[in-house]
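The next block holds one structure in the form of structure tokens; read it before the comments.
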Amino acid sequence: MFANVRTRLTSSLSRFVFGLNANGASRLAPVVCRRQHQPSRSNVRVLYDGLCPICVREIRALQFLQRNKPEKVDFVDISLPDYDGSKYMGVDYDMAMEEMHVIDKKDQVHRGVPAFAVMYSAVGLGFLGRIMTWPLVRPMMDKAYAVFARNRLKWTGRQDCTTGRCEKRP
């Protein structure tokens, strides 16, 4: 009986967080809230590419984790036409497309692996953020993230994208 309940809960959670349909096939749905809103100085602000399926899945998982704490993290979709980098410490679209950017509560901009550490800490996964910055782990994380950041557009079907709003090719 408990195994059956656990299976149903796991299946429901997977569909919600990872965007899987009833057959287990992936579907890319818009993130819970795609509207651009004014940044709050008291919140951590995560700048993410809303046209990147990999990025969107991670953001959806983080939104799920912080569902009861909406004041903690603002997820800002840089792919929206009204994204204005001047509202986000001067991080323009091109800069944000190069690598992950997170702005902490003190308006300090974090890029790459340190940005993930701040983001994970803000949603209650501080242990994961700390592990990523350990001296023996950090160099491997930096290299792995550099490979991902360099190939992200190609891996998501947008290899010809260099500037502007990058749409996924059919």
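In the structure tokens, each chain is lettered A, B, ... as it comes, each chain's residues begin at 1, and ligands are numbered from 1 in order of appearance.
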Neighbours of Cys52 in chain A within 8 Å (only C-alpha atoms; same-chain residues fewer than 5 positions away dropped), as a list of chain:residue names?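 Within the cut-off, the hits are A:Arg152, A:Leu153, A:Thr156.
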How about saving the chosen residues, all heavy atoms kept, as a PDB file, in the first residue's frame?
ATOM      1  N   ARG A 152      25.545  25.405 -24.008  1.00  0.00           N
ATOM      2  CA  ARG A 152      24.125  25.434 -23.667  1.00  0.00           C
ATOM      3  C   ARG A 152      23.236  25.748 -24.861  1.00  0.00           C
ATOM      4  O   ARG A 152      22.234  25.085 -25.099  1.00  0.00           O
ATOM      5  CB  ARG A 152      23.906  26.460 -22.553  1.00  0.00           C
ATOM      6  CG  ARG A 152      22.501  26.675 -22.152  1.00  0.00           C
ATOM      7  CD  ARG A 152      22.449  27.648 -20.983  1.00  0.00           C
ATOM      8  NE  ARG A 152      22.874  28.982 -21.338  1.00  0.00           N
ATOM      9  CZ  ARG A 152      22.075  29.906 -21.829  1.00  0.00           C
ATOM     10  NH1 ARG A 152      20.811  29.637 -22.048  1.00  0.00           N
ATOM     11  NH2 ARG A 152      22.525  31.110 -22.109  1.00  0.00           N
ATOM     12  N   LEU A 153      23.597  26.737 -25.645  1.00  0.00           N
ATOM     13  CA  LEU A 153      22.767  27.114 -26.789  1.00  0.00           C
ATOM     14  C   LEU A 153      22.730  26.002 -27.839  1.00  0.00           C
ATOM     15  O   LEU A 153      21.679  25.696 -28.391  1.00  0.00           O
ATOM     16  CB  LEU A 153      23.254  28.417 -27.398  1.00  0.00           C
ATOM     17  CG  LEU A 153      23.121  29.637 -26.484  1.00  0.00           C
ATOM     18  CD1 LEU A 153      23.785  30.856 -27.112  1.00  0.00           C
ATOM     19  CD2 LEU A 153      21.670  29.919 -26.158  1.00  0.00           C
ATOM     20  N   THR A 156      20.585  23.088 -26.706  1.00  0.00           N
ATOM     21  CA  THR A 156      19.143  23.365 -26.647  1.00  0.00           C
ATOM     22  C   THR A 156      18.599  23.821 -27.997  1.00  0.00           C
ATOM     23  O   THR A 156      17.509  24.375 -28.075  1.00  0.00           O
ATOM     24  CB  THR A 156      18.815  24.414 -25.559  1.00  0.00           C
ATOM     25  OG1 THR A 156      19.510  25.634 -25.842  1.00  0.00           O
ATOM     26  CG2 THR A 156      19.197  23.909 -24.180  1.00  0.00           C
TER      27      THR A 156
END
Near range 77-90 of chain A, counting only C-alpha atoms, which residues have an atom at most 6 Å away, once you skip same-chain residues fewer than 2 positions from it, shown as number ranges by chain? A: 48-50, 92
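In this comparison, which uses only C-alpha atoms, the residue of A:Trp155, A:Phe127, A:Phe148, A:Tyr120 approaching Ala61 in chain A most closely is A:Tyr120.
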All alpha helix (DSSP H) residues (DSSP, backbone) inside range 70-142 of chain A, as a list in words: Tyr93, Asp94, Met95, Ala96, Met97, Glu98, Val113, Pro114, Ala115, Phe116, Ala117, Val118, Met119, Tyr120, Ser121, Ala122, Gly126, Phe127, Leu128, Gly129, Arg130, Ile131, Met132, Arg138, Pro139, Met140, Met141 and Asp142 of chain A
Could you jot down the CA of Asp74 in chain A to CA of Arg150 in chain A separation for me, Å, one decimal place?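 Between CA of Asp74 in chain A and CA of Arg150 in chain A the gap works out to 25.1 Å.
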List as a VMD selection string the protein and nucleic acid residues near Val123 in chain A, meaning an atom at most 10 Å away when only C-alpha atoms are counted, but skip any in the same chain fewer than 6 places from it. chain A and resid 44 62 to 67 69 to 70 72 to 73
Distance of CA of Val113 in chain A from CA of Thr133 in chain A, expressed in Å to one decimal place: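 About the pair CA of Thr133 in chain A and CA of Val113 in chain A: they are 7.8 Å apart.
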Considering only C-alpha atoms, can you say which of A:Gly129, A:Met119, A:Tyr145, A:Arg138 comes closest to Val46 in chain A?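 Ranking A:Gly129, A:Met119, A:Tyr145, A:Arg138 by distance to Val46 in chain A, first place goes to A:Met119.
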Straight-line distance linking CA of Ala146 in chain A with CA of Glu98 in chain A, stated in Å to one decimal: 9.8 Å
